[in-house]
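Here is the file target_20.cif (mmCIF, C-alpha atoms).
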data_my_file
loop_
_atom_site.label_atom_id
_atom_site.label_comp_id
_atom_site.auth_asym_id
_atom_site.auth_seq_id
_atom_site.Cartn_x
_atom_site.Cartn_y
_atom_site.Cartn_z
CA MET A 1 8.98 16.63 -15.93
CA GLU A 2 10.80 14.26 -13.61
CA HIS A 3 8.87 11.60 -11.68
CA THR A 4 5.51 12.09 -13.39
CA LYS A 5 2.72 9.88 -14.60
CA ALA A 6 0.46 10.67 -17.56
CA ILE A 7 -3.28 10.08 -17.14
CA LYS A 8 -5.46 11.04 -20.10
CA GLY A 9 -2.99 13.71 -21.11
CA THR A 10 -2.75 15.25 -17.65
CA TYR A 11 0.64 15.19 -15.92
CA LEU A 12 0.75 14.54 -12.21
CA SER A 13 3.71 14.52 -9.87
CA LYS A 14 4.44 11.27 -8.09
CA GLU A 15 3.34 12.84 -4.80
CA ALA A 16 0.04 14.10 -6.26
CA LEU A 17 -0.67 10.72 -7.80
CA GLU A 18 -0.06 8.92 -4.51
CA ALA A 19 -2.27 11.42 -2.68
CA GLN A 20 -5.13 10.90 -5.15
CA MET A 21 -4.77 7.13 -4.85
CA ALA A 22 -4.91 7.37 -1.06
CA GLU A 23 -7.99 9.60 -1.18
CA SER A 24 -9.68 7.23 -3.62
CA TRP A 25 -9.04 4.27 -1.32
CA GLN A 26 -10.46 6.17 1.62
CA GLU A 27 -13.58 7.00 -0.38
CA PHE A 28 -13.97 3.32 -1.28
CA ILE A 29 -13.43 2.13 2.29
CA LYS A 30 -15.90 4.58 3.84
CA ASN A 31 -18.76 4.03 1.41
CA GLU A 32 -20.75 0.88 0.76
CA ALA A 33 -22.36 2.16 -2.45
CA LEU A 34 -20.47 4.39 -4.85
CA GLU A 35 -22.50 5.29 -7.91
CA ASN A 36 -20.87 8.70 -8.39
CA PRO A 37 -17.44 8.70 -6.73
CA LYS A 38 -15.70 12.03 -6.30
CA GLN A 39 -12.12 10.80 -6.39
CA PRO A 40 -10.49 9.94 -9.75
CA PHE A 41 -9.38 6.35 -9.03
CA THR A 42 -12.30 5.14 -6.92
CA LYS A 43 -14.25 3.72 -9.85
CA HIS A 44 -11.25 1.58 -10.82
CA ILE A 45 -10.89 0.30 -7.26
CA VAL A 46 -14.60 -0.54 -7.22
CA ALA A 47 -14.27 -2.39 -10.51
CA CYS A 48 -11.35 -4.46 -9.15
CA PHE A 49 -13.28 -5.20 -5.97
CA GLU A 50 -16.29 -6.41 -7.93
CA LEU A 51 -14.07 -8.83 -9.85
CA PHE A 52 -12.51 -10.03 -6.61
CA LYS A 53 -15.94 -10.47 -5.00
CA GLU A 54 -17.23 -12.46 -7.96
CA TYR A 55 -14.16 -14.70 -7.91
CA ALA A 56 -14.26 -15.21 -4.13
CA THR A 57 -17.90 -16.27 -4.10
CA LYS A 58 -17.20 -19.00 -6.67
CA THR A 59 -13.80 -20.21 -5.50
CA GLU A 60 -12.99 -22.68 -2.74
CA VAL A 61 -9.32 -21.70 -2.29
CA ILE A 62 -7.47 -18.56 -3.37
CA THR A 63 -3.72 -19.12 -3.43
CA LEU A 64 -1.77 -16.16 -2.02
CA ASN A 65 1.59 -17.88 -2.46
CA GLU A 66 2.68 -21.52 -2.54
CA THR A 67 2.14 -21.99 1.22
CA SER A 68 -0.48 -19.31 2.04
CA PHE A 69 -4.17 -19.55 1.18
CA TYR A 70 -7.50 -17.79 1.61
CA LEU A 71 -10.60 -19.97 1.96
CA PRO A 72 -13.47 -17.53 1.24
CA GLN A 73 -16.31 -20.01 1.81
CA GLN A 74 -14.91 -21.05 5.19
CA LYS A 75 -13.85 -17.50 6.18
CA LEU A 76 -10.33 -18.66 7.00
CA PHE A 77 -6.72 -18.10 6.05
CA GLY A 78 -4.54 -21.20 5.97
CA PHE A 79 -0.75 -21.31 6.26
CA VAL A 80 1.27 -24.49 5.80
CA TYR A 81 4.85 -25.28 6.80
CA HIS A 82 7.06 -28.17 5.85
CA HIS A 83 7.89 -30.32 8.88
CA ASN A 84 11.13 -32.25 9.03
CA ASP A 85 11.70 -35.39 11.07
CA TYR A 86 13.20 -33.70 14.08
CA TYR A 87 11.50 -30.54 15.13
CA TYR A 88 7.95 -29.40 15.87
CA VAL A 89 8.63 -25.68 15.36
CA TYR A 90 8.25 -23.25 12.48
CA ILE A 91 8.78 -19.50 12.26
CA PRO A 92 5.50 -17.96 11.06
CA SER A 93 5.78 -16.14 7.73
CA PRO A 94 5.25 -12.35 7.53
CA LEU A 95 1.88 -12.78 5.81
CA HIS A 96 0.83 -15.30 8.47
CA VAL A 97 1.71 -12.89 11.27
CA LEU A 98 -0.02 -10.01 9.49
CA CYS A 99 -3.29 -11.97 9.26
CA ALA A 100 -2.97 -13.17 12.87
CA HIS A 101 -2.30 -9.62 14.04
CA LEU A 102 -5.31 -8.25 12.16
CA ALA A 103 -7.54 -11.05 13.49
CA GLY A 104 -6.98 -9.66 16.99
CA ASP A 105 -8.30 -11.71 19.90
CA ALA A 106 -10.05 -14.08 17.50
CA TYR A 107 -6.68 -15.61 16.59
CA HIS A 108 -6.20 -16.94 20.13
CA ASP A 109 -9.83 -17.27 21.19
CA THR A 110 -11.22 -19.25 18.24
CA LYS A 111 -11.25 -23.04 18.67
CA PHE A 112 -11.78 -25.12 15.54
CA SER A 113 -14.14 -28.08 15.30
CA GLN A 114 -13.47 -31.47 13.77
CA GLU A 115 -15.61 -30.51 10.76
CA GLN A 116 -13.83 -27.19 10.23
CA VAL A 117 -10.38 -28.77 10.33
CA GLU A 118 -11.28 -31.65 8.03
CA ASN A 119 -12.93 -29.29 5.55
CA ALA A 120 -9.76 -27.17 5.54
CA PHE A 121 -7.64 -30.29 4.96
CA LYS A 122 -9.77 -31.35 2.00
CA SER A 123 -9.68 -27.85 0.47
CA LEU A 124 -5.95 -27.29 0.89
CA TYR A 125 -4.53 -30.75 0.27
CA PRO A 126 -4.66 -30.44 -3.56
CA LYS A 127 -2.87 -27.08 -3.28
CA LEU A 128 0.13 -28.33 -1.29
CA PRO A 129 3.53 -28.18 -3.00
CA VAL A 130 4.60 -31.61 -4.22
CA LEU A 131 8.20 -32.48 -3.40
CA ARG A 132 10.30 -35.21 -5.00
CA ASP A 133 12.83 -37.66 -3.67
CA GLN A 134 16.37 -38.16 -4.99
CA GLN A 135 15.00 -40.38 -7.76
CA GLN A 136 12.59 -37.56 -8.74
CA GLN A 137 9.58 -39.57 -7.63
CA LYS A 138 6.70 -37.62 -6.08
CA ILE A 139 6.47 -37.87 -2.30
CA THR A 140 3.01 -38.34 -0.79
CA ASN A 141 1.82 -35.34 1.21
CA GLY A 142 0.40 -35.54 4.72
CA ILE A 143 -1.16 -32.63 6.62
CA ARG A 144 -2.07 -31.95 10.23
CA ILE A 145 -3.18 -28.99 12.36
CA TRP A 146 -0.42 -27.34 14.41
CA ARG A 147 0.17 -23.90 15.88
CA ASN A 148 3.55 -24.16 17.57
CA ASN A 149 2.26 -26.13 20.55
CA LEU A 150 -0.91 -24.07 21.19
CA ASP A 151 -4.25 -25.81 21.61
CA ILE A 152 -6.62 -24.56 18.88
CA LEU A 153 -9.09 -27.49 18.74
CA ASP A 154 -12.47 -27.66 20.46
CA SER A 155 -14.04 -30.61 22.29
CA SER A 156 -15.57 -32.07 19.12
CA CYS A 157 -12.12 -33.06 17.80
CA GLU A 158 -11.18 -36.71 18.09
CA ASN A 159 -7.91 -37.80 19.67
CA TYR A 160 -6.20 -38.74 16.42
CA LEU A 161 -6.58 -35.13 15.24
CA ARG A 162 -4.56 -34.07 18.29
CA ASP A 163 -1.94 -36.82 17.99
CA ASN A 164 1.39 -35.48 16.74
CA ASN A 165 2.08 -38.68 14.83
CA TYR A 166 -1.00 -38.71 12.59
CA TYR A 167 -1.37 -36.93 9.27
CA TYR A 168 -4.27 -36.71 6.85
CA ARG A 169 -3.79 -37.67 3.22
CA SER A 170 -5.95 -38.31 0.20
CA GLY A 171 -6.81 -41.93 -0.56
CA ASP A 172 -8.43 -43.76 -3.45
CA ASN A 173 -11.94 -42.93 -4.70
CA ASP A 174 -12.05 -39.56 -2.92
CA SER A 175 -11.44 -41.20 0.45
CA TRP A 176 -9.41 -39.66 3.27
CA LEU A 177 -6.93 -41.52 5.43
CA CYS A 178 -5.34 -40.59 8.73
CA ASP A 179 -2.17 -42.50 9.53
CA TYR A 180 1.54 -42.23 10.20
CA ASN A 181 4.19 -42.75 7.58
CA PRO A 182 7.70 -41.28 8.02
CA ASN A 183 8.11 -41.17 4.24
CA TYR A 184 5.38 -38.56 3.75
CA THR A 185 6.14 -34.93 3.10
CA ARG A 186 4.54 -33.66 6.28
CA TRP A 187 2.88 -30.27 6.50
CA PHE A 188 1.78 -28.26 9.52
CA LEU A 189 -1.36 -26.15 9.02
CA ASP A 190 -2.40 -23.13 11.05
CA LEU A 191 -5.81 -21.55 10.51
CA VAL A 192 -6.52 -17.85 11.04
CA PRO A 193 -10.08 -16.44 11.20
CA ALA A 194 -10.76 -14.07 8.31
CA PRO A 195 -13.22 -11.15 8.26
CA LYS A 196 -16.67 -12.02 6.95
CA ALA A 197 -16.84 -8.85 4.82
CA LEU A 198 -14.98 -9.28 1.53
CA GLN A 199 -14.29 -5.54 1.43
CA LYS A 200 -12.12 -5.93 4.55
CA ILE A 201 -10.15 -8.73 2.90
CA PHE A 202 -9.70 -6.64 -0.24
CA LYS A 203 -8.54 -3.67 1.85
CA ARG A 204 -5.97 -5.80 3.68
CA PHE A 205 -4.00 -6.51 0.54
CA TYR A 206 -3.75 -2.80 -0.18
CA ARG A 207 -2.74 -1.83 3.36
CA THR A 208 -0.22 -4.65 3.90
CA PRO A 209 2.98 -2.56 3.75
CA LYS A 210 1.41 0.17 5.92
CA THR A 211 0.32 -2.11 8.78
CA GLN A 212 2.18 -1.76 12.07
CA ILE A 213 2.52 -5.36 13.25
CA GLY A 214 2.60 -6.20 16.94
CA ILE A 215 3.74 -9.58 18.24
CA LYS A 216 0.96 -10.06 20.78
CA CYS A 217 -0.49 -12.62 18.36
CA LEU A 218 2.67 -14.73 18.75
CA GLU A 219 2.50 -15.01 22.53
CA GLY A 220 2.60 -18.58 23.80
CA GLN A 221 4.16 -20.07 20.68
CA ASN A 222 7.03 -22.33 21.64
CA TRP A 223 9.51 -20.91 19.10
CA LEU A 224 9.27 -17.49 20.74
CA ASN A 225 9.58 -18.96 24.24
CA ILE A 226 12.66 -20.93 23.16
CA LEU A 227 14.26 -17.88 21.55
CA ARG A 228 13.73 -15.77 24.67
CA ASN A 229 15.25 -18.46 26.85
CA ASP A 230 18.27 -18.90 24.56
CA MET A 231 18.87 -15.14 24.61
CA ARG A 232 18.82 -15.12 28.41
CA ASN A 233 21.44 -17.87 28.31
CA ASN A 234 23.57 -15.81 25.88
CA TYR A 235 23.46 -18.47 23.15
CA THR A 236 22.52 -16.01 20.41
CA SER A 237 25.40 -13.50 20.42
CA ASN A 238 26.80 -15.17 17.29
CA ALA A 239 23.76 -15.61 15.06
CA GLN A 240 25.32 -17.94 12.48
CA ASP A 241 26.88 -20.19 15.10
CA TYR A 242 23.60 -20.28 16.99
CA LEU A 243 21.60 -21.29 13.92
CA GLN A 244 24.06 -24.06 13.09
CA ARG A 245 24.51 -25.57 16.56
CA TYR A 246 21.55 -24.82 18.77
CA THR A 247 17.79 -25.35 18.84
CA PHE A 248 16.84 -23.74 15.54
CA SER A 249 19.42 -25.66 13.52
CA GLN A 250 16.59 -28.13 12.85
CA LEU A 251 14.27 -25.67 11.13
CA ALA A 252 12.92 -27.27 7.96
CA THR A 253 13.87 -24.57 5.46
CA GLN A 254 16.78 -22.22 4.93
CA GLU A 255 14.29 -19.40 4.36
CA GLN A 256 13.13 -19.61 7.99
CA LYS A 257 16.73 -19.70 9.23
CA ASP A 258 17.55 -16.61 7.15
CA PHE A 259 14.57 -14.76 8.59
CA LEU A 260 15.56 -15.67 12.15
CA ALA A 261 19.12 -14.52 11.38
CA LYS A 262 17.74 -11.08 10.44
CA ILE A 263 15.93 -10.89 13.79
CA LEU A 264 19.08 -11.83 15.70
CA GLU A 265 21.22 -9.37 13.74
CA VAL A 266 19.00 -6.45 14.70
CA CYS A 267 18.62 -7.74 18.26
CA ASN A 268 22.38 -8.15 18.76
CA ALA A 269 22.80 -4.55 17.60
CA GLY A 270 20.94 -3.45 20.72
CA LEU A 271 17.21 -3.51 19.88
CA PRO A 272 14.95 -5.43 22.30
CA LEU A 273 13.81 -8.81 20.98
CA GLU A 274 10.14 -7.83 20.59
CA LYS A 275 11.05 -4.70 18.61
CA ALA A 276 13.53 -6.65 16.50
CA ILE A 277 10.84 -9.18 15.58
CA GLU A 278 8.33 -6.46 14.70
CA GLN A 279 10.91 -4.68 12.56
CA ALA A 280 11.89 -7.87 10.72
CA TYR A 281 8.27 -8.68 9.88
CA LYS A 282 7.55 -5.12 8.79
CA ARG A 283 10.54 -5.00 6.47
CA SER A 284 9.68 -8.37 4.94
CA LEU A 285 6.12 -7.29 4.21
CA VAL A 286 7.28 -4.11 2.47
CA TYR A 287 9.95 -6.02 0.52
CA ASN A 288 7.53 -8.71 -0.64
CA GLN A 289 4.95 -6.10 -1.62
CA ASN A 290 7.51 -4.46 -3.92
CA GLN A 291 8.59 -7.65 -5.68
CA PRO A 292 7.21 -8.46 -9.14
CA PRO A 293 4.77 -11.39 -9.29
CA GLN A 294 6.40 -14.75 -9.95
CA SER A 295 5.34 -17.09 -12.69
CA HIS A 296 3.07 -19.93 -11.58
CA CYS A 297 5.16 -22.19 -13.79
CA ARG A 298 8.19 -21.71 -11.63
CA LYS A 299 9.20 -24.71 -9.55
CA PRO A 300 8.52 -24.27 -5.81
CA ARG A 301 11.57 -23.14 -3.90
CA LEU A 302 10.67 -25.69 -1.21
CA ARG A 303 11.85 -28.39 -3.59
CA ARG A 304 15.35 -28.00 -2.19
CA VAL A 305 14.31 -29.84 1.00
CA ALA A 306 13.05 -32.92 -0.87
CA SER A 307 16.04 -35.00 0.18
CA LEU A 308 15.40 -34.49 3.91
#
If you convert what's in this file into structure tokens, what do you get?
Amino acid sequence: MEHTKAIKGTYLSKEALEAQMAESWQEFIKNEALENPKQPFTKHIVACFELFKEYATKTEVITLNETSFYLPQQKLFGFVYHHNDYYYVYIPSPLHVLCAHLAGDAYHDTKFSQEQVENAFKSLYPKLPVLRDQQQQKITNGIRIWRNNLDILDSSCENYLRDNNYYYRSGDNDSWLCDYNPNYTRWFLDLVPAPKALQKIFKRFYRTPKTQIGIKCLEGQNWLNILRNDMRNNYTSNAQDYLQRYTFSQLATQEQKDFLAKILEVCNAGLPLEKAIEQAYKRSLVYNQNQPPQSHCRKPRLRRVASL
């Protein structure tokens, strides 16, 4: 039989299998305790969730990819972006926007304290990709909080945490230093509030490709304001020329330029900018969900910017 899966000798069509999986997830989501589940796959989902819960309660940082992290003890997601010497803008990744979208008003309303930010720095610093210079020597990492020009710090934060020139780095004997050095690999960090219930986190990873992303969570970010203004001035009609000559030519990575090119391609075909952005993020989430997992031994793709 074409397009079938065998489960304990019983053949199911692809459609029937997907339907049973969906029903099993719904049973898991709607019930706190499931001693005798009715759906065939629910017990396996529960078993996976229990393993995830056990791991999350013992782990400081769960790495989602090389620049995206979940901090279960701090109830936060953290997303880092390489910052070059010229430009204080990054294009948020699809996973970043998904988490911001699902956080709702909390993404804009939450202000982080000095303690929260420093704890996030200390947790994530050892997880940052390590780049190398042209002599293959490791470059020291520096990290700072930054959400595309939006204020996300509360009144407890000291001035040097707000200063664009200062970056945190690890020092000797478990000490932490805050200084400026143009030779650092500098990373921007944005924090996104995460649900307190682990079941909601677990559910998010399953529902990722099905989520309809809105861009309300991006409002106020300077990259979006710049893009809107450049479109009004008709700078973006030729996407490749625009990315080479205008504002976003200084983006730190080619990956971000490629993603912005996809947005402009759809937009120049007649779709409004907001819809083009939503479509680009949606397609990227579905594409990434369907890709096989990459080996942790693989060198970070960000290494290509080490000579900047």
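Note that the spacing between CA of Tyr206 in chain A and CA of Glu27 in chain A amounts to 13.9 Å.
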Given the file shown, enumerate the residues that the PyMOL selection byres ((chain A and resi 168-185) around 9) captures and present them as a list in words.
His82, His83, Asn84, Asp85, Glu118, Phe121, Lys122, Tyr125, Pro126, Val130, Leu131, Ile139, Thr140, Asn141, Gly142, Ile143, Arg144, Tyr160, Leu161, Asn165, Tyr166, Tyr167, Arg186, Trp187 and Ala306 of chain A
For range 31-37 of chain A, work out the shell of residues within 12 Å, counting all atoms listed in the file and skipping chain neighbours fewer than 3 positions away, then give it as a list in words.
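Near range 31-37 of chain A, the qualifying residues are Glu23, Ser24, Trp25, Gln26, Glu27, Phe28, Pro40, Phe41, Thr42, Lys43, His44, Ile45, Val46, Ala47, Phe49, Glu50, Ala197, Leu198, Gln199 and Lys200 of chain A.
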Selection result of the PyMOL selection byres ((chain A and resi 221) around 10) on this file, as a ChimeraX atom specification
/A:89-92,147-150,217-220,222-226
Selection near range 55-62 of chain A, 6 Å with all atoms listed in the file, sequence-local residues under 5 positions removed, as JSON, numbers by chain:
{"A": [69, 70, 71, 72]}
Go ahead and write the residues just picked, C-alpha atoms, as an mmCIF file, keeping the file's coordinate frame.
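What ended up in out_17.cif:
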data_model
loop_
_atom_site.group_PDB
_atom_site.id
_atom_site.type_symbol
_atom_site.label_atom_id
_atom_site.label_comp_id
_atom_site.auth_asym_id
_atom_site.auth_seq_id
_atom_site.Cartn_x
_atom_site.Cartn_y
_atom_site.Cartn_z
ATOM 1 C CA PHE A 69 -4.170 -19.550 1.180
ATOM 2 C CA TYR A 70 -7.500 -17.790 1.610
ATOM 3 C CA LEU A 71 -10.600 -19.970 1.960
ATOM 4 C CA PRO A 72 -13.470 -17.530 1.240
#
From the set A:Glu265, A:Asp105, A:Asp154, A:Glu18, which residue has the shortest atom-to-atom contact distance to Ser237 in chain A, counting all atoms listed in the file?
A:Glu265
How would you write, as a PyMOL selection string, the residues chosen by the PyMOL selection byres ((chain A and resi 205) around 12) on this structure?
chain A and resi 49+52+64+70+95+98-99+102+198-204+206-211+285-286+288-289
Give me, please, the distance in Å between CA of Phe112 in chain A and CA of Phe79 in chain A, quoted to one decimal.
14.9 Å
Using only C-alpha atoms, which of A:Lys14, A:His96, A:Arg162, A:Lys282 sits nearest Gln114 in chain A?
A:Arg162
